[in-house]
Structure formats: C-alpha cells, structure tokens
file start-v5.txt (compact mmCIF, N, CA and C atoms)
# COMPACT_ATOMS: atom_id res chain seq x y z
N MET A 88 5.65 13.78 -21.11
CA MET A 88 5.14 12.74 -20.23
C MET A 88 6.33 11.91 -19.72
N SER A 89 6.36 11.64 -18.41
CA SER A 89 7.45 10.87 -17.82
C SER A 89 7.36 9.40 -18.23
N PHE A 90 8.45 8.68 -18.02
CA PHE A 90 8.48 7.25 -18.34
C PHE A 90 7.44 6.51 -17.52
N ALA A 91 7.32 6.86 -16.22
CA ALA A 91 6.33 6.21 -15.36
C ALA A 91 4.91 6.45 -15.87
N GLU A 92 4.64 7.66 -16.33
CA GLU A 92 3.31 7.97 -16.87
C GLU A 92 3.05 7.19 -18.16
N ARG A 93 4.09 7.06 -19.01
CA ARG A 93 3.93 6.27 -20.25
C ARG A 93 3.65 4.81 -19.93
N LEU A 94 4.36 4.27 -18.93
CA LEU A 94 4.12 2.87 -18.54
C LEU A 94 2.70 2.69 -18.02
N GLN A 95 2.25 3.63 -17.19
CA GLN A 95 0.90 3.51 -16.65
C GLN A 95 -0.13 3.62 -17.76
N ARG A 96 0.06 4.54 -18.68
CA ARG A 96 -0.89 4.67 -19.80
C ARG A 96 -0.89 3.40 -20.65
N ALA A 97 0.31 2.84 -20.91
CA ALA A 97 0.39 1.60 -21.69
C ALA A 97 -0.34 0.47 -20.96
N TRP A 98 -0.19 0.42 -19.63
CA TRP A 98 -0.85 -0.60 -18.81
C TRP A 98 -2.36 -0.48 -18.96
N GLN A 99 -2.88 0.74 -18.94
CA GLN A 99 -4.31 0.95 -18.97
C GLN A 99 -4.90 0.80 -20.37
N GLU A 100 -4.16 1.22 -21.40
CA GLU A 100 -4.71 1.28 -22.75
C GLU A 100 -4.25 0.15 -23.66
N GLY A 101 -3.24 -0.58 -23.26
CA GLY A 101 -2.71 -1.63 -24.14
C GLY A 101 -1.78 -1.03 -25.17
N GLY A 102 -1.57 -1.71 -26.26
CA GLY A 102 -0.71 -1.19 -27.31
C GLY A 102 0.64 -1.87 -27.33
N PRO A 103 1.55 -1.39 -28.18
CA PRO A 103 2.85 -2.05 -28.38
C PRO A 103 3.70 -2.14 -27.12
N LEU A 104 3.74 -1.08 -26.33
CA LEU A 104 4.56 -1.12 -25.12
C LEU A 104 4.01 -2.16 -24.14
N ALA A 105 2.70 -2.21 -23.99
CA ALA A 105 2.10 -3.20 -23.11
C ALA A 105 2.41 -4.61 -23.59
N GLN A 106 2.35 -4.83 -24.88
CA GLN A 106 2.67 -6.15 -25.44
C GLN A 106 4.14 -6.51 -25.21
N ALA A 107 5.02 -5.51 -25.34
CA ALA A 107 6.45 -5.76 -25.13
C ALA A 107 6.73 -6.11 -23.67
N LEU A 108 5.94 -5.58 -22.76
CA LEU A 108 6.13 -5.84 -21.33
C LEU A 108 5.43 -7.11 -20.85
N ARG A 109 4.61 -7.71 -21.69
CA ARG A 109 3.85 -8.90 -21.30
C ARG A 109 4.73 -10.01 -20.72
N PRO A 110 5.92 -10.31 -21.28
CA PRO A 110 6.76 -11.36 -20.68
C PRO A 110 7.14 -11.05 -19.23
N LEU A 111 7.32 -9.77 -18.91
CA LEU A 111 7.61 -9.42 -17.52
C LEU A 111 6.41 -9.75 -16.64
N GLY A 112 5.22 -9.56 -17.16
CA GLY A 112 4.01 -9.93 -16.43
C GLY A 112 3.96 -11.43 -16.16
N TRP A 113 4.37 -12.21 -17.14
CA TRP A 113 4.39 -13.67 -16.95
C TRP A 113 5.38 -14.05 -15.86
N ILE A 114 6.55 -13.44 -15.88
CA ILE A 114 7.57 -13.72 -14.85
C ILE A 114 7.03 -13.33 -13.48
N TYR A 115 6.41 -12.17 -13.39
CA TYR A 115 5.84 -11.71 -12.12
C TYR A 115 4.77 -12.69 -11.64
N GLY A 116 3.91 -13.12 -12.56
CA GLY A 116 2.87 -14.08 -12.21
C GLY A 116 3.45 -15.39 -11.68
N LEU A 117 4.53 -15.86 -12.32
CA LEU A 117 5.19 -17.07 -11.86
C LEU A 117 5.75 -16.90 -10.46
N LEU A 118 6.37 -15.76 -10.20
CA LEU A 118 6.91 -15.50 -8.87
C LEU A 118 5.80 -15.46 -7.82
N ILE A 119 4.67 -14.90 -8.16
CA ILE A 119 3.53 -14.86 -7.23
C ILE A 119 3.03 -16.28 -6.96
N GLU A 120 2.97 -17.10 -8.00
CA GLU A 120 2.54 -18.50 -7.81
C GLU A 120 3.51 -19.26 -6.92
N ILE A 121 4.81 -19.04 -7.10
CA ILE A 121 5.81 -19.69 -6.25
C ILE A 121 5.64 -19.25 -4.81
N ARG A 122 5.42 -17.95 -4.61
CA ARG A 122 5.22 -17.42 -3.26
C ARG A 122 3.98 -18.06 -2.62
N ALA A 123 2.90 -18.16 -3.36
CA ALA A 123 1.67 -18.77 -2.85
C ALA A 123 1.91 -20.24 -2.49
N LEU A 124 2.67 -20.93 -3.32
CA LEU A 124 3.00 -22.33 -3.05
C LEU A 124 3.78 -22.46 -1.75
N LEU A 125 4.72 -21.56 -1.51
CA LEU A 125 5.49 -21.61 -0.26
C LEU A 125 4.58 -21.47 0.95
N TYR A 126 3.55 -20.64 0.86
CA TYR A 126 2.58 -20.52 1.95
C TYR A 126 1.77 -21.81 2.09
N ARG A 127 1.32 -22.37 0.96
CA ARG A 127 0.52 -23.61 1.02
C ARG A 127 1.32 -24.76 1.60
N LEU A 128 2.61 -24.81 1.33
CA LEU A 128 3.47 -25.88 1.84
C LEU A 128 3.91 -25.64 3.28
N GLY A 129 3.60 -24.47 3.81
CA GLY A 129 3.99 -24.16 5.18
C GLY A 129 5.41 -23.67 5.31
N LEU A 130 6.07 -23.41 4.20
CA LEU A 130 7.44 -22.91 4.26
C LEU A 130 7.49 -21.42 4.57
N ARG A 131 6.40 -20.74 4.33
CA ARG A 131 6.22 -19.34 4.74
C ARG A 131 4.91 -19.28 5.52
N ARG A 132 4.86 -18.42 6.50
CA ARG A 132 3.67 -18.32 7.32
C ARG A 132 3.18 -16.87 7.37
N ALA A 133 1.86 -16.75 7.29
CA ALA A 133 1.25 -15.44 7.47
C ALA A 133 1.21 -15.15 8.97
N GLU A 134 1.44 -13.90 9.33
CA GLU A 134 1.38 -13.53 10.74
C GLU A 134 0.00 -13.00 11.07
N ALA A 135 -0.55 -13.49 12.15
CA ALA A 135 -1.87 -13.04 12.59
C ALA A 135 -1.71 -11.78 13.42
N LEU A 136 -2.64 -10.87 13.25
CA LEU A 136 -2.69 -9.67 14.06
C LEU A 136 -3.88 -9.76 15.00
N PRO A 137 -3.84 -9.09 16.13
CA PRO A 137 -4.93 -9.21 17.11
C PRO A 137 -6.17 -8.40 16.76
N VAL A 138 -6.19 -7.78 15.60
CA VAL A 138 -7.34 -6.96 15.19
C VAL A 138 -7.70 -7.30 13.75
N PRO A 139 -8.94 -7.04 13.34
CA PRO A 139 -9.29 -7.24 11.94
C PRO A 139 -8.50 -6.29 11.04
N VAL A 140 -8.26 -6.73 9.82
CA VAL A 140 -7.49 -5.93 8.86
C VAL A 140 -8.32 -5.78 7.58
N ILE A 141 -8.39 -4.55 7.08
CA ILE A 141 -9.00 -4.27 5.79
C ILE A 141 -7.89 -3.79 4.88
N VAL A 142 -7.74 -4.42 3.73
CA VAL A 142 -6.70 -4.03 2.78
C VAL A 142 -7.34 -3.21 1.67
N VAL A 143 -6.78 -2.04 1.43
CA VAL A 143 -7.21 -1.19 0.32
C VAL A 143 -6.06 -1.20 -0.68
N GLY A 144 -6.28 -1.83 -1.82
CA GLY A 144 -5.22 -1.92 -2.81
C GLY A 144 -5.78 -2.02 -4.20
N ASN A 145 -4.89 -2.01 -5.17
CA ASN A 145 -5.28 -2.08 -6.56
C ASN A 145 -4.06 -2.44 -7.38
N TRP A 146 -4.27 -3.01 -8.52
CA TRP A 146 -3.17 -3.33 -9.44
C TRP A 146 -2.58 -2.07 -10.06
N ILE A 147 -3.36 -1.02 -10.09
CA ILE A 147 -2.92 0.22 -10.73
C ILE A 147 -2.17 1.06 -9.71
N VAL A 148 -1.03 1.58 -10.10
CA VAL A 148 -0.24 2.44 -9.24
C VAL A 148 -0.64 3.88 -9.49
N GLY A 149 -1.12 4.55 -8.49
CA GLY A 149 -1.46 5.96 -8.61
C GLY A 149 -2.76 6.20 -9.36
N GLY A 150 -3.57 7.07 -8.83
CA GLY A 150 -4.77 7.49 -9.51
C GLY A 150 -5.93 6.52 -9.49
N ALA A 151 -5.85 5.47 -8.68
CA ALA A 151 -6.93 4.48 -8.64
C ALA A 151 -7.94 4.79 -7.54
N GLY A 152 -7.63 5.75 -6.68
CA GLY A 152 -8.57 6.13 -5.62
C GLY A 152 -8.34 5.44 -4.30
N LYS A 153 -7.16 4.88 -4.06
CA LYS A 153 -6.89 4.18 -2.80
C LYS A 153 -6.92 5.13 -1.60
N THR A 154 -6.31 6.30 -1.74
CA THR A 154 -6.28 7.25 -0.62
C THR A 154 -7.67 7.77 -0.29
N PRO A 155 -8.47 8.23 -1.27
CA PRO A 155 -9.83 8.65 -0.93
C PRO A 155 -10.68 7.51 -0.34
N THR A 156 -10.47 6.30 -0.84
CA THR A 156 -11.21 5.15 -0.30
C THR A 156 -10.82 4.91 1.15
N THR A 157 -9.53 4.99 1.44
CA THR A 157 -9.05 4.81 2.82
C THR A 157 -9.64 5.87 3.73
N LEU A 158 -9.65 7.12 3.28
CA LEU A 158 -10.22 8.20 4.08
C LEU A 158 -11.72 7.98 4.30
N ALA A 159 -12.44 7.53 3.28
CA ALA A 159 -13.88 7.26 3.42
C ALA A 159 -14.12 6.12 4.41
N LEU A 160 -13.32 5.06 4.33
CA LEU A 160 -13.46 3.94 5.28
C LEU A 160 -13.20 4.41 6.71
N LEU A 161 -12.18 5.24 6.88
CA LEU A 161 -11.88 5.75 8.22
C LEU A 161 -13.05 6.56 8.76
N ARG A 162 -13.64 7.41 7.92
CA ARG A 162 -14.80 8.21 8.36
C ARG A 162 -15.96 7.31 8.77
N LEU A 163 -16.23 6.26 7.97
CA LEU A 163 -17.31 5.33 8.30
C LEU A 163 -17.04 4.61 9.62
N LEU A 164 -15.83 4.12 9.79
CA LEU A 164 -15.49 3.42 11.02
C LEU A 164 -15.54 4.35 12.22
N GLN A 165 -15.01 5.57 12.07
CA GLN A 165 -15.04 6.53 13.17
C GLN A 165 -16.48 6.88 13.53
N ALA A 166 -17.36 7.02 12.54
CA ALA A 166 -18.77 7.32 12.80
C ALA A 166 -19.45 6.20 13.59
N GLN A 167 -18.95 4.97 13.44
CA GLN A 167 -19.49 3.82 14.17
C GLN A 167 -18.82 3.65 15.53
N GLY A 168 -17.90 4.55 15.85
CA GLY A 168 -17.19 4.46 17.13
C GLY A 168 -16.07 3.43 17.12
N ILE A 169 -15.64 3.03 15.95
CA ILE A 169 -14.58 2.03 15.83
C ILE A 169 -13.24 2.73 15.62
N ALA A 170 -12.31 2.47 16.53
CA ALA A 170 -10.97 3.04 16.40
C ALA A 170 -10.22 2.28 15.33
N ALA A 171 -9.69 2.99 14.36
CA ALA A 171 -8.97 2.35 13.26
C ALA A 171 -7.67 3.09 13.01
N GLY A 172 -6.69 2.36 12.56
CA GLY A 172 -5.41 2.94 12.18
C GLY A 172 -5.07 2.51 10.77
N VAL A 173 -4.01 3.08 10.24
CA VAL A 173 -3.58 2.80 8.87
C VAL A 173 -2.11 2.42 8.89
N ILE A 174 -1.78 1.42 8.10
CA ILE A 174 -0.37 1.08 7.90
C ILE A 174 -0.06 1.24 6.42
N SER A 175 1.18 1.59 6.14
CA SER A 175 1.62 1.83 4.77
C SER A 175 3.12 1.61 4.70
N ARG A 176 3.58 1.29 3.51
CA ARG A 176 5.02 1.25 3.31
C ARG A 176 5.61 2.65 3.24
N GLY A 177 4.77 3.62 2.93
CA GLY A 177 5.24 5.00 2.86
C GLY A 177 5.99 5.29 1.58
N TYR A 178 5.36 4.95 0.46
CA TYR A 178 6.00 5.12 -0.84
C TYR A 178 6.52 6.55 -1.01
N GLY A 179 7.74 6.67 -1.50
CA GLY A 179 8.33 7.96 -1.81
C GLY A 179 9.11 8.58 -0.67
N ARG A 180 9.15 7.94 0.47
CA ARG A 180 9.91 8.53 1.58
C ARG A 180 11.38 8.20 1.45
N ASP A 181 12.21 8.86 2.24
CA ASP A 181 13.65 8.75 2.05
C ASP A 181 14.32 7.67 2.88
N ASN A 182 13.54 6.80 3.57
CA ASN A 182 14.14 5.69 4.34
C ASN A 182 13.11 4.59 4.51
N ASP A 183 13.52 3.49 5.13
CA ASP A 183 12.62 2.35 5.31
C ASP A 183 12.27 2.10 6.77
N GLU A 184 12.74 2.95 7.67
CA GLU A 184 12.52 2.69 9.10
C GLU A 184 11.05 2.82 9.48
N LEU A 185 10.71 2.13 10.54
CA LEU A 185 9.35 2.18 11.08
C LEU A 185 9.15 3.54 11.73
N ARG A 186 8.05 4.20 11.35
CA ARG A 186 7.74 5.52 11.91
C ARG A 186 6.25 5.64 12.14
N LEU A 187 5.90 6.29 13.23
CA LEU A 187 4.53 6.69 13.47
C LEU A 187 4.39 8.11 12.94
N VAL A 188 3.36 8.33 12.15
CA VAL A 188 3.14 9.64 11.54
C VAL A 188 2.53 10.57 12.58
N ASP A 189 3.04 11.79 12.65
CA ASP A 189 2.43 12.80 13.50
C ASP A 189 2.39 14.13 12.75
N ARG A 190 1.82 15.15 13.36
CA ARG A 190 1.65 16.43 12.70
C ARG A 190 2.97 17.06 12.28
N ALA A 191 4.05 16.73 12.98
CA ALA A 191 5.35 17.30 12.66
C ALA A 191 6.09 16.51 11.58
N SER A 192 5.55 15.36 11.17
CA SER A 192 6.19 14.54 10.14
C SER A 192 6.20 15.29 8.81
N THR A 193 7.19 14.96 7.98
CA THR A 193 7.24 15.50 6.63
C THR A 193 6.99 14.38 5.63
N ALA A 194 6.61 14.75 4.44
CA ALA A 194 6.39 13.75 3.39
C ALA A 194 7.67 12.98 3.09
N ALA A 195 8.81 13.63 3.18
CA ALA A 195 10.08 12.94 2.94
C ALA A 195 10.34 11.86 3.98
N GLU A 196 9.85 12.07 5.20
CA GLU A 196 10.06 11.11 6.28
C GLU A 196 9.08 9.95 6.25
N VAL A 197 7.81 10.22 5.87
CA VAL A 197 6.77 9.20 6.02
C VAL A 197 6.00 8.91 4.73
N GLY A 198 6.22 9.70 3.69
CA GLY A 198 5.46 9.55 2.45
C GLY A 198 4.30 10.53 2.43
N ASP A 199 3.97 11.02 1.24
CA ASP A 199 2.94 12.06 1.17
C ASP A 199 1.54 11.54 1.49
N GLU A 200 1.19 10.35 1.02
CA GLU A 200 -0.16 9.85 1.26
C GLU A 200 -0.40 9.46 2.72
N PRO A 201 0.54 8.77 3.39
CA PRO A 201 0.32 8.51 4.81
C PRO A 201 0.18 9.81 5.62
N LEU A 202 0.97 10.82 5.27
CA LEU A 202 0.86 12.09 5.97
C LEU A 202 -0.51 12.73 5.72
N LEU A 203 -0.96 12.72 4.48
CA LEU A 203 -2.27 13.26 4.14
C LEU A 203 -3.38 12.53 4.90
N ILE A 204 -3.30 11.21 4.93
CA ILE A 204 -4.32 10.41 5.62
C ILE A 204 -4.35 10.77 7.11
N HIS A 205 -3.20 10.88 7.73
CA HIS A 205 -3.17 11.23 9.15
C HIS A 205 -3.72 12.63 9.40
N LEU A 206 -3.30 13.60 8.59
CA LEU A 206 -3.74 14.97 8.80
C LEU A 206 -5.24 15.14 8.55
N ARG A 207 -5.78 14.43 7.56
CA ARG A 207 -7.20 14.58 7.25
C ARG A 207 -8.11 13.80 8.19
N SER A 208 -7.63 12.65 8.68
CA SER A 208 -8.50 11.78 9.48
C SER A 208 -8.22 11.84 10.98
N GLY A 209 -6.99 12.19 11.33
CA GLY A 209 -6.61 12.13 12.73
C GLY A 209 -6.31 10.73 13.21
N ALA A 210 -6.46 9.75 12.32
CA ALA A 210 -6.22 8.35 12.69
C ALA A 210 -4.72 8.10 12.85
N PRO A 211 -4.36 7.16 13.71
CA PRO A 211 -2.95 6.80 13.80
C PRO A 211 -2.50 6.14 12.50
N VAL A 212 -1.33 6.51 12.04
CA VAL A 212 -0.76 5.95 10.81
C VAL A 212 0.68 5.56 11.10
N ALA A 213 1.04 4.34 10.72
CA ALA A 213 2.41 3.86 10.86
C ALA A 213 2.92 3.47 9.49
N VAL A 214 4.18 3.81 9.24
CA VAL A 214 4.80 3.44 7.96
C VAL A 214 6.04 2.61 8.24
N GLY A 215 6.29 1.67 7.35
CA GLY A 215 7.48 0.84 7.46
C GLY A 215 7.49 -0.21 6.38
N SER A 216 8.68 -0.64 6.01
CA SER A 216 8.78 -1.66 4.96
C SER A 216 8.20 -2.99 5.45
N ASP A 217 8.24 -3.23 6.76
CA ASP A 217 7.63 -4.42 7.36
C ASP A 217 6.24 -4.03 7.85
N ARG A 218 5.21 -4.36 7.06
CA ARG A 218 3.86 -3.92 7.39
C ARG A 218 3.32 -4.55 8.67
N VAL A 219 3.75 -5.77 9.00
CA VAL A 219 3.30 -6.40 10.23
C VAL A 219 3.86 -5.63 11.43
N ALA A 220 5.14 -5.26 11.38
CA ALA A 220 5.73 -4.46 12.45
C ALA A 220 5.03 -3.11 12.55
N ALA A 221 4.70 -2.52 11.40
CA ALA A 221 3.98 -1.24 11.41
C ALA A 221 2.61 -1.40 12.05
N ALA A 222 1.92 -2.49 11.77
CA ALA A 222 0.60 -2.73 12.36
C ALA A 222 0.72 -2.92 13.88
N ARG A 223 1.73 -3.62 14.31
CA ARG A 223 1.92 -3.82 15.74
C ARG A 223 2.24 -2.50 16.43
N ALA A 224 2.94 -1.62 15.75
CA ALA A 224 3.27 -0.29 16.34
C ALA A 224 2.02 0.53 16.53
call {"tool": "encode", "arguments": {"input": "start-v5.txt", "output": "structure tokens"}}
result
Amino acid sequence: MSFAERLQRAWQEGGPLAQALRPLGWIYGLLIEIRALLYRLGLRRAEALPVPVIVVGNWIVGGAGKTPTTLALLRLLQAQGIAAGVISRGYGRDNDELRLVDRASTAAEVGDEPLLIHLRSGAPVAVGSDRVAAARA
C-alpha cells in the first residue's frame, strides 16, 4: 500500500497515524479561519462570475464520487437544456497553465478526470490553477 493510500485509510478509519496528524489538522483549520477573516475584513475579495456555479467537492481525496457526481449533474442539466461547463485544477497534470480540454488532450496535459469528464459528457472543460480564469475561459 502506498503512503498516500495509508494516509487516506488513516483519515477514514482513525487510529495512531490519524492521531499523530491531528496537530496538522489544527494548523490547517487555523489557516482556513485566517483566510475567512481576510474575506470578512475585505482584505480579500471573492470574484463574481456571470453564471451560477455549482461546486462538487469533498474533504476526502479520491474515491468519494466527485467525478460520477459531476457527470450525473451534467446529464441532468443537459436534459433540461442547460449548457454547463466544468472547471478543474487538473490534478496530476504536468503543468499549471490554463487549458481547454479537447478530444486531442492527454491526461498529462489536462489531468485524467477532466479529460474523462469531457469525453463522457461532451461538456466544455477548462483546467488551470486559477479557477476563476478557467471559468472565464
């Protein structure tokens, strides 16, 4: 079992490793609180997009069903005649540049899940480390 798999199992099941990592969770929580405070104080601003946004996410990395959920949402929206696109950071790809996914894209260029979502749904998919820029694309 890889180190990442052991961490994920510890996260889900608890145990000594999860307890040893708990202080990192506290630090992460503090950083999130500081970030939220910066938004409340107006020192950071959320950017508005001209379209509604649905976020599909989870605290669990991998295996939580985010990709199937995204595909199901796309099917529902498409059935209602609603044009929808997907943005992603493109986890696992070999660069951070903004890219629109197309049939000729490779998983190394855009990430395996964004490529899968585009190929299965036909929906436009943009990847980039700046998700707002990806959404605008």
call {"tool": "select_by_dssp", "arguments": {"input": "start-v5.txt", "residues": "range 109-144 of chain A", "states": "alpha helix (DSSP H)", "output": "list in words"}}
result
Arg109, Pro110, Leu111, Gly112, Trp113, Ile114, Tyr115, Gly116, Leu117, Leu118, Ile119, Glu120, Ile121, Arg122, Ala123, Leu124, Leu125, Tyr126 and Arg127 of chain A
call {"tool": "atom_distance", "arguments": {"input": "start-v5.txt", "atom1": "CA of Leu202 in chain A", "atom2": "CA of Leu187 in chain A"}}
result
9.9 Å
call {"tool": "residues_around", "arguments": {"input": "start-v5.txt", "residues": "Ser208 in chain A", "least_positions_apart": "5", "cutoff": "8 Å", "atoms": "only N, CA and C atoms", "output": "NGL selection string"}}
result
:A and (158 or 161-162 or 202-203)
call {"tool": "select_by_dssp", "arguments": {"input": "start-v5.txt", "residues": "chain A", "states": "strand (DSSP E)", "output": "ChimeraX atom specification"}}
result
/A:173-175,186-187,212-214
call {"tool": "residues_around", "arguments": {"input": "start-v5.txt", "residues": "range 136-146 of chain A", "least_positions_apart": "6", "cutoff": "8 Å", "atoms": "only N, CA and C atoms", "output": "list in words"}}
result
Gly152, Lys153, Thr154, Thr156, Thr157, Val219, Ala222 and Arg223 of chain A
call {"tool": "residues_around", "arguments": {"input": "start-v5.txt", "residues": "range 167-178 of chain A", "least_positions_apart": "3", "cutoff": "8 Å", "atoms": "only C-alpha atoms", "output": "list of chain:residue names"}}
result
A:Leu161, A:Leu163, A:Leu164, A:Asp183, A:Val197, A:Gly198, A:Asp199, A:Glu200, A:Pro201, A:Ala210, A:Pro211, A:Val212, A:Ala213, A:Val214, A:Gly215, A:Ser216, A:Asp217, A:Arg218, A:Ala221, A:Ala222
call {"tool": "closest_residue", "arguments": {"input": "start-v5.txt", "among": "A:Leu125, A:Leu130, A:Gly116, A:Asp181", "to": "Glu196 in chain A", "atoms": "all atoms listed in the file"}}
result
A:Asp181
call {"tool": "atom_distance", "arguments": {"input": "start-v5.txt", "atom1": "CA of Leu104 in chain A", "atom2": "CA of Met88 in chain A"}}
result
14.7 Å
call {"tool": "closest_residue", "arguments": {"input": "start-v5.txt", "among": "A:Ile121, A:Ala133, A:Val188, A:Leu108", "to": "Gly209 in chain A", "atoms": "only C-alpha atoms"}}
result
A:Val188
call {"tool": "atom_distance", "arguments": {"input": "start-v5.txt", "atom1": "atom N of Glu134 in chain A", "atom2": "CA of Ile119 in chain A"}}
result
16.7 Å
